[in-house]
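Coordinates as given in start-v8.cif (mmCIF, C-alpha atoms):
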data_target
loop_
_atom_site.label_atom_id
_atom_site.label_comp_id
_atom_site.auth_asym_id
_atom_site.auth_seq_id
_atom_site.Cartn_x
_atom_site.Cartn_y
_atom_site.Cartn_z
CA MET A 1133 7.90 37.55 178.01
CA THR A 1134 11.60 36.78 178.06
CA ASN A 1135 12.86 35.30 181.32
CA LEU A 1136 15.34 37.71 182.93
CA THR A 1137 18.24 36.54 185.03
CA VAL A 1138 20.72 38.97 186.57
CA SER A 1139 23.06 38.40 189.46
CA ASP A 1140 21.44 39.94 192.53
CA THR A 1141 24.85 40.98 193.83
CA ARG A 1142 25.54 43.52 191.05
CA PHE A 1143 22.38 45.58 191.56
CA SER A 1144 20.48 46.88 194.57
CA TYR A 1145 17.43 44.79 193.65
CA PRO A 1146 16.83 41.52 191.82
CA ILE A 1147 14.96 41.97 188.55
CA SER A 1148 11.97 40.19 190.07
CA THR A 1149 11.58 43.07 192.54
CA LEU A 1150 11.40 45.61 189.69
CA GLN A 1151 8.80 43.44 187.98
CA GLN A 1152 6.70 43.33 191.15
CA ILE A 1153 6.95 47.09 191.58
CA ALA A 1154 5.66 47.46 188.01
CA ARG A 1155 2.69 45.19 188.76
CA ASP A 1156 1.92 47.18 191.92
CA ILE A 1157 2.00 50.46 190.01
CA LEU A 1158 -0.38 49.18 187.33
CA GLU A 1159 -2.76 47.89 190.00
CA HIS A 1160 -2.69 51.18 191.96
CA ALA A 1161 -3.38 53.12 188.76
CA LYS A 1162 -6.32 50.91 187.83
CA LYS A 1163 -7.87 51.20 191.28
CA GLY A 1164 -7.35 54.97 191.17
CA GLY A 1165 -9.41 55.34 188.03
CA ALA A 1166 -6.80 55.29 185.28
CA THR A 1167 -7.98 53.92 181.95
CA ALA A 1168 -4.37 53.14 181.01
CA CYS A 1169 -0.95 53.24 182.62
CA GLU A 1170 2.72 52.72 181.82
CA THR A 1171 5.79 52.69 184.02
CA ASN A 1172 9.56 52.50 183.78
CA ILE A 1173 11.63 51.33 186.75
CA SER A 1174 15.44 51.38 186.72
CA ASP A 1175 18.29 50.49 189.04
CA GLY A 1176 21.97 51.00 188.38
CA PHE A 1177 25.42 51.82 189.67
CA GLY A 1178 28.67 53.29 188.49
CA GLN A 1179 32.31 53.62 189.47
CA THR A 1180 34.63 56.33 188.15
CA VAL A 1181 38.32 56.76 188.89
CA THR A 1182 40.37 59.72 187.64
CA VAL A 1183 44.14 60.02 187.87
CA ARG A 1184 45.94 63.31 187.18
CA GLN A 1185 49.70 63.81 187.24
CA ASN A 1186 50.10 60.20 188.37
CA ALA A 1187 48.04 60.85 191.50
CA VAL A 1188 44.47 59.86 192.26
CA GLU A 1189 42.24 62.91 191.81
CA THR A 1190 38.73 61.48 192.25
CA ILE A 1191 37.07 58.20 193.11
CA GLU A 1192 33.31 58.20 192.65
CA TYR A 1193 30.82 55.44 193.30
CA ASN A 1194 27.11 55.85 192.77
CA ARG A 1195 23.94 53.81 193.04
CA ASP A 1196 20.85 55.21 191.38
CA LYS A 1197 17.27 54.10 191.13
CA SER A 1198 14.15 55.73 189.76
CA LEU A 1199 10.64 55.01 188.63
CA SER A 1200 8.29 57.05 186.49
CA VAL A 1201 4.56 56.58 186.16
CA THR A 1202 2.36 57.83 183.33
CA VAL A 1203 -1.39 57.47 183.68
CA TYR A 1204 -4.22 58.19 181.28
CA ILE A 1205 -7.75 59.08 182.19
CA GLY A 1206 -9.37 58.95 178.80
CA GLN A 1207 -7.29 61.38 176.75
CA LYS A 1208 -5.88 63.18 179.78
CA ARG A 1209 -2.29 62.38 180.74
CA GLY A 1210 -0.38 62.74 184.00
CA ASN A 1211 3.20 61.83 184.93
CA ALA A 1212 5.09 61.61 188.21
CA SER A 1213 8.40 60.10 189.31
CA THR A 1214 10.35 59.18 192.42
CA SER A 1215 13.57 57.55 193.56
CA ASP A 1216 11.88 56.00 196.60
CA PHE A 1217 10.80 52.39 196.07
CA SER A 1218 8.91 52.04 199.35
CA PRO A 1219 5.25 50.94 199.06
CA GLN A 1220 4.00 54.29 200.39
CA ALA A 1221 6.15 56.29 197.96
CA ILE A 1222 4.95 54.14 195.05
CA SER A 1223 1.32 54.68 196.05
CA ASP A 1224 1.89 58.43 196.46
CA THR A 1225 3.60 58.70 193.06
CA VAL A 1226 0.70 57.00 191.30
CA ALA A 1227 -1.73 59.27 193.15
CA ALA A 1228 0.26 62.32 192.06
CA ALA A 1229 0.17 61.22 188.42
CA LEU A 1230 -3.60 60.67 188.64
CA SER A 1231 -4.09 64.09 190.21
CA ILE A 1232 -2.11 65.75 187.41
CA ALA A 1233 -4.07 63.88 184.76
CA ARG A 1234 -7.41 65.08 186.16
CA TYR A 1235 -6.36 68.70 185.71
CA THR A 1236 -4.84 68.46 182.23
CA ALA A 1237 -6.60 69.10 178.95
CA ASP A 1238 -7.64 66.30 176.62
CA ASP A 1239 -5.05 65.35 174.01
CA ASP A 1240 -6.46 63.19 171.24
CA CYS A 1241 -2.99 61.79 170.51
CA ALA A 1242 -2.26 60.69 174.09
CA GLY A 1243 -2.24 57.01 174.97
CA LEU A 1244 -0.29 53.78 174.90
CA ALA A 1245 1.11 52.23 171.75
CA GLU A 1246 -1.10 49.90 169.76
CA ALA A 1247 -1.12 46.45 171.37
CA LYS A 1248 -0.35 44.69 168.09
CA LEU A 1249 2.93 46.61 167.75
CA LEU A 1250 4.33 45.70 171.18
CA ALA A 1251 7.41 43.46 171.45
CA THR A 1252 5.63 40.59 173.18
CA ASN A 1253 8.17 37.99 172.03
CA TYR A 1254 11.70 39.31 171.83
CA SER A 1255 15.10 37.73 172.35
CA GLN A 1256 17.18 38.82 175.30
CA PRO A 1257 19.70 41.35 173.89
CA ASN A 1258 23.41 40.87 174.54
CA LEU A 1259 24.03 44.30 176.05
CA TYR A 1260 25.22 43.50 179.57
CA TYR A 1261 28.88 42.79 180.31
CA PRO A 1262 29.84 43.41 183.95
CA TRP A 1263 33.30 44.89 184.44
CA GLN A 1264 34.41 43.67 187.83
CA ILE A 1265 37.37 45.96 188.15
CA SER A 1266 38.53 47.07 191.59
CA VAL A 1267 39.35 50.68 192.41
CA GLU A 1268 43.02 49.71 192.70
CA GLU A 1269 43.00 48.11 189.25
CA ALA A 1270 41.23 51.13 187.76
CA ILE A 1271 43.85 53.43 189.26
CA GLU A 1272 46.66 51.42 187.68
CA LEU A 1273 44.93 51.45 184.28
CA ALA A 1274 44.41 55.21 184.48
CA LYS A 1275 48.06 55.76 185.45
CA THR A 1276 49.21 53.61 182.52
CA CYS A 1277 46.98 55.60 180.17
CA GLU A 1278 48.29 58.95 181.38
CA GLN A 1279 51.91 57.78 181.32
CA ALA A 1280 51.50 56.74 177.68
CA ALA A 1281 50.17 60.22 176.93
CA PHE A 1282 53.16 61.94 178.55
CA ALA A 1283 55.52 59.61 176.68
CA ALA A 1284 53.90 60.35 173.33
CA ASP A 1285 55.60 63.73 172.91
CA LYS A 1286 58.10 65.69 174.99
CA ARG A 1287 55.92 68.79 174.60
CA ILE A 1288 53.17 67.28 176.74
CA THR A 1289 53.53 69.31 179.92
CA ASN A 1290 50.30 68.82 181.81
CA SER A 1291 47.28 66.59 182.14
CA GLU A 1292 43.58 67.02 182.68
CA GLY A 1293 43.47 63.39 183.75
CA ALA A 1294 42.81 59.84 182.65
CA THR A 1295 39.48 58.32 183.67
CA ILE A 1296 38.20 54.76 183.94
CA SER A 1297 34.41 54.55 184.16
CA VAL A 1298 32.09 51.60 184.83
CA SER A 1299 28.31 51.89 184.40
CA GLU A 1300 25.74 49.10 184.72
CA SER A 1301 21.97 49.26 184.98
CA GLN A 1302 18.76 47.29 184.55
CA PHE A 1303 15.19 48.37 183.88
CA ILE A 1304 11.62 47.20 183.48
CA TYR A 1305 9.01 48.84 181.26
CA ALA A 1306 5.42 47.74 181.68
CA ASN A 1307 1.98 48.94 180.63
CA SER A 1308 -1.65 48.10 181.21
CA LEU A 1309 -1.95 46.32 177.86
CA GLY A 1310 -0.13 43.40 179.47
CA PHE A 1311 3.37 44.20 178.21
CA MET A 1312 6.32 43.85 180.57
CA GLY A 1313 9.90 43.78 179.38
CA GLY A 1314 13.38 44.83 180.37
CA TYR A 1315 16.99 43.79 180.54
CA PRO A 1316 20.36 44.79 181.99
CA LEU A 1317 22.84 47.04 180.18
CA SER A 1318 26.44 48.11 180.61
CA ARG A 1319 28.48 51.00 179.25
CA HIS A 1320 32.16 51.38 180.12
CA SER A 1321 34.70 53.97 179.04
CA ILE A 1322 38.33 55.06 179.19
CA SER A 1323 39.32 58.67 178.47
CA CYS A 1324 42.39 60.87 178.59
CA ALA A 1325 42.88 64.63 178.07
CA MET A 1326 46.33 66.23 177.84
CA ILE A 1327 47.92 69.65 177.48
CA ALA A 1328 50.88 70.38 175.20
CA GLU A 1329 53.05 73.48 175.38
CA HIS A 1330 55.82 74.95 173.23
CA ASN A 1331 57.07 78.53 173.38
CA ASP A 1332 53.92 80.66 173.68
CA SER A 1333 51.57 78.03 172.29
CA LYS A 1334 49.47 75.83 174.54
CA GLN A 1335 46.95 73.28 173.24
CA ARG A 1336 44.62 70.64 174.63
CA ASP A 1337 43.12 67.52 173.07
CA TYR A 1338 41.79 64.17 174.16
CA TRP A 1339 40.82 60.65 173.13
CA TYR A 1340 38.38 58.14 174.56
CA SER A 1341 36.79 54.76 173.98
CA VAL A 1342 33.30 53.49 174.90
CA ALA A 1343 31.91 49.95 174.79
CA ARG A 1344 29.33 47.65 176.34
CA ASP A 1345 32.07 45.11 177.02
CA ALA A 1346 35.34 46.25 178.61
CA ALA A 1347 37.12 43.68 176.43
CA ASP A 1348 36.14 45.78 173.39
CA LEU A 1349 37.63 49.02 174.72
CA GLU A 1350 40.69 50.40 173.00
CA ALA A 1351 43.89 49.64 174.92
CA VAL A 1352 44.72 52.23 177.58
CA GLN A 1353 48.21 52.77 176.12
CA SER A 1354 46.71 53.54 172.71
CA ILE A 1355 44.17 55.97 174.17
CA GLY A 1356 46.86 57.81 176.09
CA GLU A 1357 49.23 57.91 173.13
CA LYS A 1358 46.53 59.33 170.85
CA ALA A 1359 45.55 61.97 173.41
CA GLY A 1360 49.19 63.04 173.73
CA LYS A 1361 49.93 63.08 170.00
CA ARG A 1362 46.72 64.92 169.16
CA SER A 1363 47.49 67.61 171.72
CA ALA A 1364 51.03 68.11 170.48
CA ALA A 1365 49.94 68.15 166.83
CA ARG A 1366 47.86 71.26 167.49
CA LEU A 1367 50.81 73.35 168.66
CA GLY A 1368 51.67 76.32 166.48
CA ALA A 1369 48.16 76.63 165.09
CA ARG A 1370 47.58 79.47 162.61
CA LYS A 1371 44.67 81.45 161.29
CA ILE A 1372 43.75 81.27 157.62
CA GLU A 1373 42.12 83.67 155.18
CA THR A 1374 38.41 83.39 154.44
CA CYS A 1375 37.80 81.03 151.52
CA GLU A 1376 35.48 78.44 149.99
CA ILE A 1377 37.11 75.02 150.06
CA PRO A 1378 36.41 71.31 150.57
CA VAL A 1379 36.00 70.34 154.23
CA LEU A 1380 36.76 66.92 155.70
CA PHE A 1381 35.02 66.15 159.00
CA GLU A 1382 37.10 63.71 161.06
CA ALA A 1383 35.17 60.55 162.01
CA PRO A 1384 34.57 61.35 165.73
CA ILE A 1385 32.71 64.55 164.83
CA ALA A 1386 31.31 63.50 161.43
CA SER A 1387 28.65 61.44 163.20
CA GLY A 1388 27.16 64.77 164.30
CA LEU A 1389 25.98 65.26 160.71
CA ILE A 1390 23.79 62.16 161.10
CA GLY A 1391 22.50 63.66 164.32
CA HIS A 1392 21.38 66.84 162.56
CA PHE A 1393 19.51 64.76 159.99
CA ALA A 1394 17.90 62.53 162.63
CA ASN A 1395 16.73 65.55 164.62
CA ALA A 1396 15.24 67.13 161.51
CA VAL A 1397 13.18 64.04 160.62
CA SER A 1398 12.15 63.16 164.18
CA GLY A 1399 8.50 63.37 165.18
CA GLY A 1400 8.73 66.32 167.55
CA SER A 1401 10.49 68.54 165.02
CA LEU A 1402 8.08 67.53 162.27
CA TYR A 1403 4.75 68.05 164.03
CA ARG A 1404 5.98 71.33 165.51
CA LYS A 1405 7.10 72.32 162.00
CA SER A 1406 10.50 73.29 163.37
CA SER A 1407 12.51 71.33 160.80
CA PHE A 1408 14.24 72.17 157.53
CA LEU A 1409 13.25 68.71 156.23
CA LEU A 1410 9.45 68.84 156.41
CA ASN A 1411 7.68 66.45 154.00
CA SER A 1412 11.01 64.92 153.01
CA ILE A 1413 9.95 61.27 152.52
CA GLY A 1414 10.70 60.38 148.92
CA GLN A 1415 12.92 63.44 148.52
CA GLN A 1416 16.57 63.46 147.46
CA VAL A 1417 18.22 64.90 150.57
CA PHE A 1418 21.69 63.36 150.38
CA ALA A 1419 24.11 62.67 147.56
CA PRO A 1420 22.89 59.68 145.47
CA THR A 1421 25.58 57.36 146.87
CA ILE A 1422 24.60 57.82 150.53
CA GLN A 1423 22.81 55.22 152.66
CA ILE A 1424 21.71 55.61 156.28
CA LEU A 1425 20.81 52.33 157.95
CA GLU A 1426 19.10 51.77 161.27
CA ARG A 1427 20.18 48.52 162.89
CA PRO A 1428 18.63 48.13 166.37
CA HIS A 1429 19.82 44.58 166.99
CA ILE A 1430 23.60 44.85 166.60
CA HIS A 1431 25.42 42.59 169.07
CA LYS A 1432 26.81 44.82 171.85
CA GLY A 1433 25.53 47.90 170.00
CA LEU A 1434 25.61 51.11 172.05
CA ALA A 1435 22.06 51.96 170.90
CA SER A 1436 20.68 48.45 170.40
CA ALA A 1437 17.22 47.65 171.79
CA PRO A 1438 14.54 45.06 171.04
CA PHE A 1439 11.83 47.63 171.80
CA ASP A 1440 11.54 51.39 172.16
CA ASP A 1441 10.37 53.49 175.12
CA ASP A 1442 6.74 52.69 174.22
CA GLY A 1443 7.39 48.93 174.16
CA VAL A 1444 7.10 48.83 170.36
CA SER A 1445 9.28 46.33 168.49
CA THR A 1446 12.31 47.79 166.75
CA VAL A 1447 13.14 46.74 163.19
CA ASP A 1448 16.01 47.03 160.75
CA ARG A 1449 15.34 49.60 158.06
CA ASN A 1450 17.05 51.80 155.50
CA VAL A 1451 16.18 55.36 156.51
CA VAL A 1452 18.02 56.83 153.53
CA ASP A 1453 18.48 54.82 150.33
CA ASN A 1454 20.62 56.23 147.52
CA GLY A 1455 20.24 59.66 149.08
CA VAL A 1456 16.42 59.49 149.22
CA VAL A 1457 14.63 59.67 152.58
CA GLN A 1458 12.57 56.53 153.18
CA GLY A 1459 11.24 57.18 156.68
CA TYR A 1460 11.11 59.33 159.80
CA PHE A 1461 11.89 58.64 163.48
CA LEU A 1462 8.55 58.40 165.27
CA GLY A 1463 7.21 57.26 168.61
CA SER A 1464 3.53 56.50 169.14
CA TYR A 1465 2.60 60.05 170.15
CA SER A 1466 4.41 61.87 167.34
CA ALA A 1467 3.11 59.33 164.81
CA ARG A 1468 -0.47 60.11 165.83
CA LYS A 1469 0.21 63.84 165.61
CA LEU A 1470 1.39 63.34 162.02
CA GLY A 1471 -1.27 60.81 161.04
CA LEU A 1472 1.44 58.17 160.52
CA ARG A 1473 2.52 54.91 162.15
CA THR A 1474 5.20 54.66 164.81
CA THR A 1475 8.63 53.55 163.60
CA GLY A 1476 9.68 52.19 167.00
CA ASN A 1477 11.77 55.26 167.81
CA ALA A 1478 10.20 56.56 171.02
CA GLY A 1479 13.31 57.61 172.94
CA GLY A 1480 15.53 58.00 169.86
CA ALA A 1481 17.22 56.24 167.00
CA HIS A 1482 18.97 52.86 167.22
CA ASN A 1483 22.46 52.46 165.74
CA LEU A 1484 22.35 54.75 162.71
CA ILE A 1485 25.09 53.94 160.21
CA MET A 1486 25.91 56.31 157.34
CA GLN A 1487 27.88 54.90 154.45
CA ASN A 1488 28.29 55.24 150.72
CA ASN A 1489 28.87 52.80 147.91
CA ALA A 1490 32.65 52.72 148.22
CA GLN A 1491 34.21 53.68 151.53
CA ILE A 1492 37.89 54.58 151.36
CA SER A 1493 40.79 55.08 153.76
CA PHE A 1494 41.43 58.32 155.61
CA ASP A 1495 44.62 58.89 153.60
CA ALA A 1496 42.65 58.40 150.39
CA LEU A 1497 40.14 61.00 151.59
CA LEU A 1498 42.97 63.50 152.07
CA LYS A 1499 44.24 62.76 148.56
CA GLN A 1500 40.76 63.16 147.11
CA MET A 1501 40.28 66.51 148.92
CA ASN A 1502 43.69 67.65 147.67
CA THR A 1503 43.56 71.15 149.20
CA GLY A 1504 41.15 72.03 151.97
CA LEU A 1505 40.40 71.87 155.68
CA LEU A 1506 40.43 68.85 157.99
CA VAL A 1507 38.13 69.64 160.93
CA THR A 1508 38.93 67.82 164.17
CA GLU A 1509 36.99 69.95 166.66
CA LEU A 1510 33.74 71.90 166.53
CA LEU A 1511 32.75 74.67 168.92
CA GLY A 1512 29.41 76.25 169.71
CA HIS A 1513 25.90 75.29 168.63
CA GLY A 1514 25.30 77.40 165.55
CA VAL A 1515 22.81 75.17 163.76
CA ASN A 1516 19.33 76.48 162.92
CA PRO A 1517 16.96 73.47 162.91
CA VAL A 1518 14.27 75.40 161.00
CA THR A 1519 16.38 76.66 158.09
CA GLY A 1520 19.31 74.24 158.19
CA ASP A 1521 21.81 77.09 158.37
CA TYR A 1522 25.08 75.80 159.79
CA SER A 1523 27.82 77.92 161.36
CA ARG A 1524 30.27 76.45 163.87
CA GLY A 1525 33.54 77.50 165.36
CA ALA A 1526 36.22 74.98 164.41
CA SER A 1527 39.85 73.97 164.55
CA GLY A 1528 41.80 71.38 162.64
CA PHE A 1529 44.49 71.19 159.96
CA TRP A 1530 45.20 72.78 156.62
CA VAL A 1531 45.72 70.22 153.84
CA GLU A 1532 47.62 70.77 150.59
CA ASN A 1533 48.25 68.24 147.82
CA GLY A 1534 46.59 65.60 149.96
CA GLU A 1535 48.92 66.05 152.93
CA ILE A 1536 48.40 67.69 156.32
CA ARG A 1537 50.54 70.86 156.43
CA TYR A 1538 49.84 72.71 159.70
CA PRO A 1539 47.21 73.15 162.43
CA VAL A 1540 44.64 75.94 162.20
CA GLU A 1541 42.39 77.55 164.81
CA GLU A 1542 39.97 80.43 165.40
CA ILE A 1543 37.99 79.73 162.25
CA THR A 1544 34.30 79.32 161.45
CA ILE A 1545 32.87 76.89 158.95
CA ALA A 1546 29.51 77.75 157.43
CA GLY A 1547 26.94 76.39 154.99
CA ASN A 1548 23.45 74.95 154.91
CA LEU A 1549 22.78 71.35 155.91
CA LYS A 1550 20.67 70.74 152.80
CA ASP A 1551 23.61 71.73 150.60
CA MET A 1552 26.10 69.89 152.81
CA PHE A 1553 24.15 66.62 152.70
CA LYS A 1554 23.93 66.74 148.91
CA SER A 1555 27.61 67.66 148.63
CA ILE A 1556 29.02 64.64 150.47
CA GLN A 1557 31.77 63.39 148.16
CA ALA A 1558 33.08 60.42 150.12
CA ILE A 1559 32.97 58.63 153.47
CA GLY A 1560 35.99 56.96 155.05
CA ASP A 1561 36.30 53.52 156.55
CA ASP A 1562 37.83 54.95 159.76
CA VAL A 1563 34.68 54.49 161.85
CA VAL A 1564 34.93 55.31 165.57
CA VAL A 1565 31.91 53.93 167.44
CA ARG A 1566 31.03 56.03 170.47
CA GLY A 1567 27.25 56.21 170.44
CA SER A 1568 24.06 55.75 168.47
CA LYS A 1569 25.38 57.31 165.26
CA GLN A 1570 28.40 56.10 163.36
CA CYS A 1571 30.31 56.76 160.18
CA GLY A 1572 33.82 57.34 158.98
CA SER A 1573 35.28 60.74 158.12
CA VAL A 1574 33.03 62.70 155.75
CA LEU A 1575 34.25 64.85 152.86
CA ILE A 1576 32.02 67.82 151.89
CA ASP A 1577 32.63 69.27 148.44
CA ARG A 1578 32.63 72.94 149.46
CA MET A 1579 31.95 75.12 152.51
CA THR A 1580 32.75 78.69 153.51
CA VAL A 1581 35.62 78.90 155.96
CA ALA A 1582 35.97 82.26 157.70
CA GLY A 1583 39.41 83.03 159.07
CA GLY A 1584 40.96 85.88 160.98
#
Reformat the file's structure so that it appears as structure tokens.
Amino acid sequence: MTNLTVSDTRFSYPISTLQQIARDILEHAKKGGATACETNISDGFGQTVTVRQNAVETIEYNRDKSLSVTVYIGQKRGNASTSDFSPQAISDTVAAALSIARYTADDDCAGLAEAKLLATNYSQPNLYYPWQISVEEAIELAKTCEQAAFAADKRITNSEGATISVSESQFIYANSLGFMGGYPLSRHSISCAMIAEHNDSKQRDYWYSVARDAADLEAVQSIGEKAGKRSAARLGARKIETCEIPVLFEAPIASGLIGHFANAVSGGSLYRKSSFLLNSIGQQVFAPTIQILERPHIHKGLASAPFDDDGVSTVDRNVVDNGVVQGYFLGSYSARKLGLRTTGNAGGAHNLIMQNNAQISFDALLKQMNTGLLVTELLGHGVNPVTGDYSRGASGFWVENGEIRYPVEEITIAGNLKDMFKSIQAIGDDVVVRGSKQCGSVLIDRMTVAGG
């Protein structure tokens, strides 16, 4: 077990207290008749400051704590949770989980992860970077961000606000196989949303930055300037005629394509047979130049973790190699349901990176597309996970001869994810990291664009 050290002054409890609570829970469960038990205890806080029109709009400060208990009586499972860390509440929560388990049906896939797969010797991840910023300092940063947005274009007439957010937490996961692990994490952000107006046209857009370490956040002036320029650039948007054309997904939304793939090859979708990519291991799903890498141990990674929600060690792997699917995303339960082995993905994927053999600049992507649609915003949730049919409201820019000509709106882009994945022509080097999935802008060879 890695030795954990966290300043007691940043959290409500020292990490040693969370560890002791975990031990108490496991002991209560054992005495109550559980054959196995696992628990997750967390403690965190956040501070959010929003400025609008150069005046403070909101100041929020929160402290949160929670614990969940899962017990097994043979193949019966029960779960209960609470935000009360008092000894009586802990005892009552374990008792509630045991009571639920006694009345549930047997599930032959229920149970803890295999002991041999647990991360019993992991290195402390570098994911915690306290941002000791005062409310007054956050207000000044937010004002600077918003001022940069107003200065970006004279057509910026209003603001939805600039926000500075601090979030820090710590957790312990433990189970009755003797595993106990946990660590502190941080996640900070700066965002800005602006409104532009000219004649009868009014448009809104935004920009934001997220990082574990505040030192890695984009500069507030840059965030504000981008929010302002992006809002103004959308003024005078037109409709276009229905056509079939190449579509370029801008980097911030292109990562959603990875998300659709990950959902389709995740355990729950597969064993429920609610996926358009059933039995896809070894199948050519993407264009032959496409790789999707899972890298759980990236320094300061927004989805880095030495172990998953089951305590299973995470490993680097190539999920897609030359367009061919090499593996799924499975936790212990879904792996048993499918007769496979867990991939260390209980709770989700870890830093998925989509790339191809030769990533090029955004301007080069526009040149390669020549004439088509640059999509900068998607609306609605028109994706069928069973068939892969894809239909989303969108807005963006019309491109001719490799150059952006004018903004467009009130359009729908449609296709099927199977066809879209195989039709990826190129991926840009303009990666914007905001979560667990990352890639540059993605060029799709052809999609149906329905206009007005």
Item to check | Residue nearest A:Ser1308 among A:Glu1535, A:Asp1156, A:Glu1509, A:Asp1562 (counting only C-alpha atoms) | outcome: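 Smallest separation from A:Ser1308 among the options: A:Asp1156.
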Item to check | Using all atoms listed in the file: which of A:Gly1433, A:Pro1517, A:Gly1560, A:Gly1471 has the shortest distance to A:Asp1495 | outcome: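 Using all atoms listed in the file, the shortest distance to A:Asp1495 belongs to A:Gly1560.
Distance annotation: of A:Gly1463, A:Gly1547, A:Gly1243, A:Pro1428, the residue with the minimal separation from A:Gly1400 is A:Gly1463; atom set is only C-alpha atoms.
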Next on the checklist: Here's the selection I'm unsure about, the PyMOL selection byres ((chain A and resi 1524-1530) around 9); applied to the file above, which residues does it give, as a VMD selection string?
Outcome noted: chain A and resid 1366 1369 1372 1503 to 1515 1522 to 1523 1531 to 1532 1535 to 1546
Next on the checklist: Within 9 Å of (10.6, 51.7, 178.3) in the file's own coordinates, which protein, DNA or RNA residues have an atom, counting all atoms listed in the file? List them as a count of residues only.
Outcome noted: 17
